[in-house]
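Source file: run31.cif; contents: mmCIF, C-alpha atoms.
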```cif
data_data
loop_
_atom_site.label_atom_id
_atom_site.label_comp_id
_atom_site.auth_asym_id
_atom_site.auth_seq_id
_atom_site.Cartn_x
_atom_site.Cartn_y
_atom_site.Cartn_z
CA MET C 28 5.46 -160.77 132.04
CA LYS C 29 4.62 -158.10 134.60
CA LYS C 30 1.31 -157.56 132.82
CA LEU C 31 0.50 -161.27 133.11
CA VAL C 32 1.33 -161.26 136.85
CA THR C 33 -0.83 -158.18 137.37
CA LEU C 34 -3.67 -159.76 135.41
CA PHE C 35 -3.36 -162.97 137.44
CA LYS C 36 -3.46 -161.02 140.71
CA SER C 37 -6.53 -159.12 139.53
CA LEU C 38 -8.31 -162.31 138.55
CA THR C 39 -7.44 -163.82 141.94
CA VAL C 40 -8.92 -160.83 143.79
CA VAL C 41 -12.07 -160.94 141.66
CA SER C 42 -12.39 -164.70 142.28
CA VAL C 43 -12.06 -164.21 146.06
CA LEU C 44 -14.64 -161.42 146.01
CA MET C 45 -17.04 -163.56 143.96
CA LEU C 46 -16.51 -166.51 146.30
CA ASN C 47 -17.18 -164.36 149.36
CA SER C 48 -20.24 -162.93 147.68
CA CYS C 49 -21.57 -166.40 146.89
CA GLN C 50 -20.86 -167.52 150.46
CA ASN C 51 -22.70 -164.51 151.84
CA GLU C 52 -25.65 -165.18 149.55
CA ASN C 53 -25.64 -168.84 150.57
CA ASN C 54 -25.55 -167.84 154.25
CA GLU C 55 -28.49 -165.47 153.73
CA VAL C 56 -30.43 -168.20 151.94
CA MET C 57 -29.62 -170.67 154.73
CA GLN C 58 -30.76 -168.14 157.33
CA GLU C 59 -33.98 -167.49 155.43
CA THR C 60 -34.57 -171.22 154.99
CA THR C 61 -33.92 -171.81 158.68
CA ALA C 62 -36.35 -169.01 159.56
CA GLN C 63 -38.98 -170.49 157.29
CA LYS C 64 -38.64 -173.96 158.80
CA VAL C 65 -38.85 -173.05 162.50
CA SER C 66 -41.80 -174.54 164.35
CA VAL C 67 -43.34 -174.65 167.78
CA ALA C 68 -41.25 -177.78 168.37
CA ASP C 69 -38.10 -175.71 167.67
CA LEU C 70 -39.29 -173.08 170.12
CA LYS C 71 -39.98 -175.67 172.82
CA LYS C 72 -36.36 -176.82 172.57
CA GLU C 73 -35.07 -173.28 173.04
CA ILE C 74 -37.21 -171.86 175.85
CA ALA C 75 -36.68 -172.39 179.56
CA PRO C 76 -39.44 -174.90 180.49
CA ALA C 77 -42.24 -173.72 182.74
CA SER C 78 -41.79 -174.91 186.33
CA THR C 79 -45.57 -174.96 186.83
CA GLN C 80 -48.76 -174.87 184.80
CA ALA C 81 -50.15 -172.19 187.13
CA LEU C 82 -50.61 -168.85 185.41
CA PRO C 83 -50.38 -165.34 186.87
CA GLU C 84 -53.77 -164.28 188.19
CA ASN C 85 -54.24 -161.56 185.57
CA VAL C 86 -53.51 -163.97 182.71
CA GLN C 87 -55.85 -166.64 184.11
CA ILE C 88 -58.65 -164.07 184.39
CA GLN C 89 -58.09 -162.94 180.79
CA ILE C 90 -58.18 -166.53 179.52
CA ASP C 91 -61.30 -167.36 181.55
CA GLU C 92 -63.14 -164.21 180.44
CA SER C 93 -62.16 -164.82 176.80
CA LYS C 94 -63.61 -168.32 177.01
CA LYS C 95 -66.83 -166.99 178.53
CA ASN C 96 -67.26 -164.30 175.90
CA LEU C 97 -66.53 -166.70 173.03
CA GLU C 98 -69.07 -169.16 174.43
CA LYS C 99 -71.61 -166.35 174.85
CA TYR C 100 -71.29 -164.67 171.46
CA VAL C 101 -69.69 -167.16 169.04
CA LYS C 102 -71.27 -170.29 170.58
CA ASP C 103 -70.78 -173.16 168.08
CA GLY C 104 -67.91 -171.34 166.36
CA LEU C 105 -64.45 -170.52 167.66
CA GLN C 106 -63.73 -171.87 171.15
CA ILE C 107 -60.73 -172.34 173.48
CA THR C 108 -60.27 -176.02 174.34
CA GLY C 109 -57.01 -176.03 176.28
CA VAL C 110 -54.03 -174.05 177.59
CA THR C 111 -50.45 -175.27 178.14
CA ALA C 112 -47.66 -173.21 179.72
CA LEU C 113 -44.50 -173.72 177.63
CA GLY C 114 -41.92 -171.62 179.46
CA THR C 115 -39.88 -168.44 179.14
CA LEU C 116 -38.01 -166.85 176.25
CA SER C 117 -34.58 -166.78 177.90
CA THR C 118 -32.23 -166.26 174.94
CA LYS C 119 -32.00 -164.10 171.82
CA ARG C 120 -32.45 -167.23 169.73
CA SER C 121 -35.67 -168.18 171.52
CA VAL C 122 -36.94 -164.62 171.03
CA SER C 123 -36.00 -164.73 167.33
CA ILE C 124 -37.83 -168.02 166.80
CA ALA C 125 -40.90 -166.73 168.64
CA GLN C 126 -40.96 -163.56 166.53
CA SER C 127 -40.65 -165.53 163.30
CA LEU C 128 -43.49 -167.88 164.27
CA ILE C 129 -45.84 -164.89 164.60
CA THR C 130 -45.47 -164.10 160.88
CA ASP C 131 -44.96 -167.67 159.61
CA GLN C 132 -47.42 -168.62 156.85
CA GLU C 133 -48.49 -171.67 158.88
CA SER C 134 -49.59 -169.44 161.79
CA PHE C 135 -53.32 -169.05 162.37
CA ILE C 136 -54.87 -165.62 162.77
CA SER C 137 -58.41 -164.53 163.50
CA THR C 138 -60.44 -161.44 162.65
CA GLY C 139 -63.85 -160.15 163.54
CA ASN C 140 -66.13 -158.67 166.17
CA ILE C 141 -67.34 -161.48 168.42
CA MET C 142 -70.50 -159.50 169.22
CA THR C 143 -71.30 -159.91 165.51
CA PRO C 144 -70.34 -163.60 165.16
CA GLU C 145 -70.83 -163.77 161.39
CA THR C 146 -67.76 -161.50 161.03
CA VAL C 147 -65.44 -163.91 162.89
CA GLN C 148 -62.98 -165.67 160.57
CA VAL C 149 -59.96 -167.89 161.17
CA ASN C 150 -57.26 -168.28 158.51
CA LYS C 151 -53.71 -169.43 158.04
CA LEU C 152 -51.47 -166.56 156.97
CA GLY C 153 -50.47 -168.67 153.97
CA ASN C 154 -54.08 -168.78 152.75
CA LEU C 155 -54.33 -165.01 152.38
CA SER C 156 -54.00 -163.09 149.13
CA SER C 157 -50.56 -161.57 148.49
CA GLN C 158 -51.75 -158.09 149.46
CA GLU C 159 -53.50 -159.29 152.61
CA LEU C 160 -50.44 -161.36 153.56
CA SER C 161 -48.10 -158.41 153.06
CA THR C 162 -50.24 -156.09 155.21
CA ALA C 163 -50.81 -158.73 157.91
CA GLN C 164 -47.15 -159.75 158.18
CA GLU C 165 -46.00 -156.13 158.29
CA GLY C 166 -48.30 -155.39 161.22
CA LEU C 167 -47.51 -158.62 163.06
CA LYS C 168 -43.77 -158.19 162.56
CA GLU C 169 -43.95 -154.71 164.08
CA ILE C 170 -45.79 -156.04 167.13
CA ALA C 171 -43.43 -159.01 167.51
CA GLN C 172 -40.34 -156.81 167.46
CA LYS C 173 -41.82 -154.34 169.96
CA GLU C 174 -43.55 -156.70 172.35
CA ILE C 175 -41.83 -160.10 172.28
CA LYS C 176 -38.61 -159.80 174.27
CA THR C 177 -36.38 -161.89 176.51
CA ASN C 178 -38.08 -163.10 179.72
CA VAL C 179 -41.55 -163.04 178.15
CA ASN C 180 -43.53 -166.22 178.91
CA VAL C 181 -45.30 -168.41 176.36
CA LEU C 182 -48.59 -170.32 176.37
CA GLU C 183 -49.85 -172.70 173.73
CA ILE C 184 -53.61 -172.30 173.34
CA SER C 185 -55.66 -175.07 171.73
CA TRP C 186 -58.67 -174.04 169.65
CA ASN C 187 -61.62 -175.57 167.88
CA ASN C 188 -63.24 -173.67 165.04
CA LYS C 189 -66.34 -175.44 163.74
CA GLY C 190 -64.67 -178.85 164.08
CA GLU C 191 -61.16 -177.78 162.99
CA SER C 192 -58.47 -177.99 165.68
CA PHE C 193 -55.36 -175.82 165.76
CA THR C 194 -53.06 -174.02 168.21
CA SER C 195 -51.71 -170.51 168.72
CA LEU C 196 -48.87 -169.05 170.75
CA CYS C 197 -49.78 -166.59 173.49
CA PHE C 198 -47.08 -164.35 174.97
CA TYR C 199 -47.57 -162.93 178.45
CA ASN C 200 -45.96 -161.61 181.63
CA ASP C 201 -47.17 -161.17 185.19
CA SER C 202 -49.26 -158.14 184.18
CA GLY C 203 -51.26 -160.03 181.56
CA ILE C 204 -51.39 -161.21 177.96
CA ILE C 205 -49.04 -159.37 175.59
CA TRP C 206 -50.06 -160.87 172.25
CA ASP C 207 -51.69 -163.87 170.57
CA ASN C 208 -52.58 -163.93 166.85
CA VAL C 209 -56.04 -165.30 167.56
CA LEU C 210 -56.93 -163.54 170.81
CA GLY C 211 -55.42 -160.27 169.57
CA GLY C 212 -57.12 -160.42 166.19
CA LEU C 213 -60.61 -160.41 167.72
CA VAL C 214 -62.44 -157.49 169.30
CA MET C 215 -65.68 -156.80 171.16
CA MET C 216 -67.53 -153.68 170.09
CA ASP C 217 -71.02 -152.26 169.85
CA THR C 218 -71.20 -150.87 166.32
CA ARG C 219 -74.05 -148.52 167.31
CA GLY C 220 -71.71 -146.41 169.40
CA THR C 221 -72.59 -144.19 172.37
CA THR C 222 -73.92 -140.64 172.42
CA GLU C 223 -74.15 -137.82 174.94
CA VAL C 224 -75.79 -134.41 174.65
CA SER C 225 -75.43 -131.27 176.74
CA ASP C 226 -78.00 -130.44 179.42
CA ASN C 227 -80.26 -127.66 178.12
CA THR C 228 -82.60 -127.45 181.09
CA GLN C 229 -81.02 -124.26 182.42
CA ALA C 230 -82.71 -120.95 181.62
CA LYS C 231 -79.64 -119.32 180.11
CA VAL C 232 -77.76 -121.49 177.70
CA SER C 233 -75.22 -120.04 175.26
CA SER C 234 -73.68 -123.29 174.05
CA LYS C 235 -74.77 -126.78 173.12
CA TRP C 236 -72.79 -129.90 172.29
CA TYR C 237 -73.22 -133.42 170.95
CA LYS C 238 -70.70 -136.23 171.45
CA GLN C 239 -70.58 -139.66 169.79
CA TRP C 240 -67.96 -142.37 170.20
CA TRP C 241 -67.28 -146.05 169.57
CA THR C 242 -65.33 -148.37 171.87
CA ALA C 243 -63.37 -151.53 171.04
CA ASP C 244 -62.62 -154.03 173.83
CA TRP C 245 -60.26 -156.96 174.07
CA ILE C 246 -62.26 -160.18 173.98
CA TRP C 247 -61.66 -160.59 177.71
CA GLY C 248 -63.67 -157.41 178.21
CA THR C 249 -61.25 -154.60 179.07
CA LYS C 250 -61.04 -151.49 176.92
CA ARG C 251 -58.70 -151.64 173.94
CA GLY C 252 -59.48 -148.51 171.97
CA GLU C 253 -61.90 -145.67 171.28
CA MET C 254 -62.74 -143.21 168.52
CA GLY C 255 -65.21 -140.35 168.44
CA TYR C 256 -66.02 -136.71 167.84
CA LYS C 257 -67.69 -133.83 169.67
CA ILE C 258 -69.38 -130.82 168.05
CA THR C 259 -70.18 -127.65 170.01
CA ILE C 260 -72.21 -124.62 168.88
CA TYR C 261 -72.27 -121.19 170.53
CA TYR C 262 -75.41 -119.15 170.00
CA SER C 263 -77.63 -116.29 171.05
CA GLY C 264 -81.35 -116.85 170.62
CA SER C 265 -81.69 -118.83 167.39
CA THR C 266 -78.46 -117.60 165.80
CA VAL C 267 -75.24 -119.61 165.88
CA SER C 268 -72.14 -117.43 166.30
CA ASN C 269 -69.47 -120.15 166.18
CA THR C 270 -68.98 -123.93 165.88
CA ASP C 271 -66.16 -126.14 167.19
CA VAL C 272 -65.38 -129.81 166.63
CA GLU C 273 -62.83 -132.20 168.11
CA ASP C 274 -61.98 -135.81 167.22
CA TRP C 275 -59.92 -138.66 168.68
CA ALA C 276 -58.93 -142.27 167.97
CA ASN C 277 -56.62 -144.68 169.77
CA ILE C 278 -56.18 -148.44 170.06
CA SER C 279 -53.76 -150.72 171.87
CA LEU C 280 -51.79 -152.91 169.41
CA GLY C 281 -53.55 -151.75 166.28
CA LYS C 282 -54.06 -148.72 164.07
CA ALA C 283 -56.25 -145.67 164.60
CA LYS C 284 -57.22 -142.62 162.54
CA SER C 285 -59.46 -139.60 163.19
CA GLU C 286 -60.23 -136.44 161.22
CA SER C 287 -62.91 -133.77 161.57
CA LYS C 288 -63.74 -130.36 160.13
CA ILE C 289 -66.40 -127.65 160.37
CA THR C 290 -68.59 -127.42 157.27
CA LYS C 291 -70.93 -124.69 158.56
CA ASN C 292 -69.68 -122.36 161.27
CA SER C 293 -72.52 -119.88 161.90
CA GLY C 294 -76.07 -118.89 161.02
CA THR C 295 -79.09 -121.03 161.83
CA TYR C 296 -77.02 -124.15 162.68
CA GLY C 297 -73.53 -125.59 162.99
CA LYS C 298 -72.30 -128.65 161.09
CA CYS C 299 -69.22 -130.87 161.06
CA ALA C 300 -67.85 -133.79 159.06
CA PHE C 301 -65.97 -136.65 160.72
CA ALA C 302 -63.88 -139.61 159.55
CA LEU C 303 -62.90 -142.22 162.14
CA GLY C 304 -61.31 -145.64 162.09
CA LEU C 305 -59.87 -148.37 164.33
CA CYS C 306 -58.39 -151.71 163.26
CA THR C 307 -56.24 -154.55 164.52
CA PRO C 308 -52.60 -154.65 163.26
CA THR C 309 -53.26 -156.96 160.30
CA GLY C 310 -55.33 -154.25 158.60
CA SER C 311 -54.67 -150.74 157.32
CA LEU C 312 -56.45 -147.38 157.43
CA SER C 313 -56.17 -144.51 154.96
CA PHE C 314 -57.68 -141.02 154.86
CA ASN C 315 -59.07 -139.49 151.66
CA SER C 316 -59.05 -135.69 151.90
CA THR C 317 -61.11 -135.26 148.72
CA ASN C 318 -64.26 -136.92 150.06
CA PHE C 319 -63.17 -136.68 153.70
CA THR C 320 -63.40 -140.37 154.58
CA VAL C 321 -61.36 -143.03 156.30
CA SER C 322 -61.28 -146.43 154.59
CA PHE C 323 -60.07 -149.87 155.69
CA SER C 324 -58.06 -152.38 153.66
CA GLY C 325 -56.20 -155.62 154.25
CA LEU C 326 -57.37 -158.17 156.77
CA GLY C 327 -58.40 -157.40 160.30
CA SER C 328 -61.08 -156.48 162.78
CA ASN C 329 -62.12 -152.91 162.15
CA ILE C 330 -64.70 -150.26 162.84
CA VAL C 331 -64.96 -147.26 160.49
CA HIS C 332 -67.41 -144.36 160.64
CA ASN C 333 -67.64 -141.49 158.19
CA GLY C 334 -70.41 -138.90 158.37
CA THR C 335 -71.72 -135.47 159.29
CA LYS C 336 -73.55 -134.01 162.27
CA THR C 337 -75.78 -130.90 162.33
CA LEU C 338 -76.58 -129.12 165.57
CA TYR C 339 -79.29 -126.47 166.04
CA PRO C 340 -79.71 -124.00 168.94
#
```

How does this structure look as structure tokens?
Amino acid sequence: MKKLVTLFKSLTVVSVLMLNSCQNENNEVMQETTAQKVSVADLKKEIAPASTQALPENVQIQIDESKKNLEKYVKDGLQITGVTALGTLSTKRSVSIAQSLITDQESFISTGNIMTPETVQVNKLGNLSSQELSTAQEGLKEIAQKEIKTNVNVLEISWNNKGESFTSLCFYNDSGIIWDNVLGGLVMMDTRGTTEVSDNTQAKVSSKWYKQWWTADWIWGTKRGEMGYKITIYYSGSTVSNTDVEDWANISLGKAKSESKITKNSGTYGKCAFALGLCTPTGSLSFNSTNFTVSFSGLGSNIVHNGTKTLYP
């Protein structure tokens, strides 16, 4: 009899544990389903409504300059058609909804260099391949968690892309725009880069350098990131005694990578190899040490340069 009672108690405990487990799973599923179903309409119900449509001066300038640059470079393509101030993220729930909308498969994202308009593309996250979606959502989720907080303000921007209308959410504060999937996915950059060389007009010169770099701007025109390298040779007459190289790469809300090495240190010349890359957060960069190159994958606006530079006395 005692054995039967013990067995019954054991079965009861197991049943309770199974029930709790099922309830937990159901709660997780409900939470996931709720997260998947949130919309801009849900967000509008949660945020503190904007008291005025007037924007902070910095934000208005960024919007105006973005419109001008899109009209200048993209022309009949992607254009801003309207802006509506929604309000402020005042609660944890409003922040959570806003963060989830950034990575929702119905959200629109853009990629490309507007100075090269044929590279500009607009897609729904849900239309991406599984690998592209995974990379894009990982990058956007990281930005959302870092940048979208309580007391951040929200704009709804209306767009037209070759006849197709859609909207995006733009998060901002008094200092300026924090993030928007469309604005933030685009860059302005001159793919030719910029170069500088040392002044060799002096009679006695024991060193010489060459510098090359590439700059990425936000589409409203301010600097967003830069990558480059600088090679320097030290010499006497026509003989190089030593060679140095330095590299750098940085970008705001994106990914950056730089590598460089000396391949010839002395003799009749100095030589270096460089591998540089910048991309927006929906893309990825990787360095291959075997062939000394940086490569880009995923989906995003990017600029990658791999090469060598030789410098003679």

*For the file shown, what are the residues hit by the PyMOL selection byres ((chain C and resi 147-161) around 8), laid out as a ChimeraX atom specification?*
/C:130-141,143-146,162-165,188,209,213,325-326

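With only C-alpha atoms taken into account, the protein and nucleic acid residues at most 8 Å from range 104-112 of chain C (excluding it and anything under 6 positions from it in its own chain) are Ala77, Thr79, Gln80, Ala81, Leu82, Lys94, Leu97, Glu98, Val181, Leu182, Glu183, Ile184, Ser185, Trp186, Asn187, Asn188 and Lys189 of chain C.
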
*Could you tell me which residues the PyMOL selection byres ((chain C and resi 273) around 7) returns for this structure, as a ChimeraX atom specification?*
/C:256-258,271-272,274,287

*asked:* Quick one: residues within 12 Å of Thr222 in chain C, all atoms listed in the file, excluding same-chain residues fewer than 4 positions away - as a list in words?
replied: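 In the requested format, the answer is Trp236, Tyr237, Lys238, Gln239, Trp240, Trp241, Thr242, Gly255, Tyr256, Lys257 and Ile258 of chain C.
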
*Can you tell me, as a count of residues only, what residues are no more than 12 Å from range 314-321 of chain C when counting all atoms listed in the file, ignoring any on the same chain fewer than 4 positions away?*
24

*Atom-to-atom span, CA of Ser93 in chain C and CA of Met215 in chain C, Å*: 10.4 Å

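Relative to CA of Trp275 in chain C, CA of Thr295 in chain C is found at 26.9 Å.
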
*Non-local contacts of Lys168 in chain C (12 Å; all atoms listed in the file; under 5 positions in same chain excluded) as a PyMOL selection string*: chain C and resi 123+125-131+160-163+173-175+206+208+280+308-309

*Kindly give the distance, in Å, that separates CA of Glu191 in chain C and CA of Leu167 in chain C, rounded to a single decimal.*
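Answer for the CA of Glu191 in chain C to CA of Leu167 in chain C separation: 23.5 Å.
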
*Got a sec to resolve the PyMOL selection byres ((chain C and resi 116) around 10) on this structure and send the residues as a list in words?*
Leu70, Lys71, Glu73, Ile74, Ala75, Pro76, Leu113, Gly114, Thr115, Ser117, Thr118, Lys119, Arg120, Ser121, Val122, Ser123, Ile124, Ala125, Ile175, Lys176, Thr177, Asn178, Val179, Asn180, Val181 and Phe198 of chain C

Would you export the selected residues with C-alpha atoms as an mmCIF file, keeping the file's coordinate frame, please?
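Writing done, so here's result.cif:
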```
data_model
loop_
_atom_site.group_PDB
_atom_site.id
_atom_site.type_symbol
_atom_site.label_atom_id
_atom_site.label_comp_id
_atom_site.auth_asym_id
_atom_site.auth_seq_id
_atom_site.Cartn_x
_atom_site.Cartn_y
_atom_site.Cartn_z
ATOM 1 C CA LEU C 70 -39.290 -173.080 170.120
ATOM 2 C CA LYS C 71 -39.980 -175.670 172.820
ATOM 3 C CA GLU C 73 -35.070 -173.280 173.040
ATOM 4 C CA ILE C 74 -37.210 -171.860 175.850
ATOM 5 C CA ALA C 75 -36.680 -172.390 179.560
ATOM 6 C CA PRO C 76 -39.440 -174.900 180.490
ATOM 7 C CA LEU C 113 -44.500 -173.720 177.630
ATOM 8 C CA GLY C 114 -41.920 -171.620 179.460
ATOM 9 C CA THR C 115 -39.880 -168.440 179.140
ATOM 10 C CA SER C 117 -34.580 -166.780 177.900
ATOM 11 C CA THR C 118 -32.230 -166.260 174.940
ATOM 12 C CA LYS C 119 -32.000 -164.100 171.820
ATOM 13 C CA ARG C 120 -32.450 -167.230 169.730
ATOM 14 C CA SER C 121 -35.670 -168.180 171.520
ATOM 15 C CA VAL C 122 -36.940 -164.620 171.030
ATOM 16 C CA SER C 123 -36.000 -164.730 167.330
ATOM 17 C CA ILE C 124 -37.830 -168.020 166.800
ATOM 18 C CA ALA C 125 -40.900 -166.730 168.640
ATOM 19 C CA ILE C 175 -41.830 -160.100 172.280
ATOM 20 C CA LYS C 176 -38.610 -159.800 174.270
ATOM 21 C CA THR C 177 -36.380 -161.890 176.510
ATOM 22 C CA ASN C 178 -38.080 -163.100 179.720
ATOM 23 C CA VAL C 179 -41.550 -163.040 178.150
ATOM 24 C CA ASN C 180 -43.530 -166.220 178.910
ATOM 25 C CA VAL C 181 -45.300 -168.410 176.360
ATOM 26 C CA PHE C 198 -47.080 -164.350 174.970
#
```

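Those residues that approach Ser263 in chain C to within 8 Å, counting only C-alpha atoms, are Ser233, Val267 and Ser268 of chain C; same-chain residues fewer than 4 positions away are not listed.
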
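Protein, DNA and RNA residues at most 8 Å from (-52.1, -164.0, 175.5), with all atoms listed in the file, are these: Val86, Ile90, Leu182, Leu196, Cys197, Phe198, Tyr199, Gly203, Ile204, Ile205, Trp206, Asp207, Leu210 and Gly211 of chain C.
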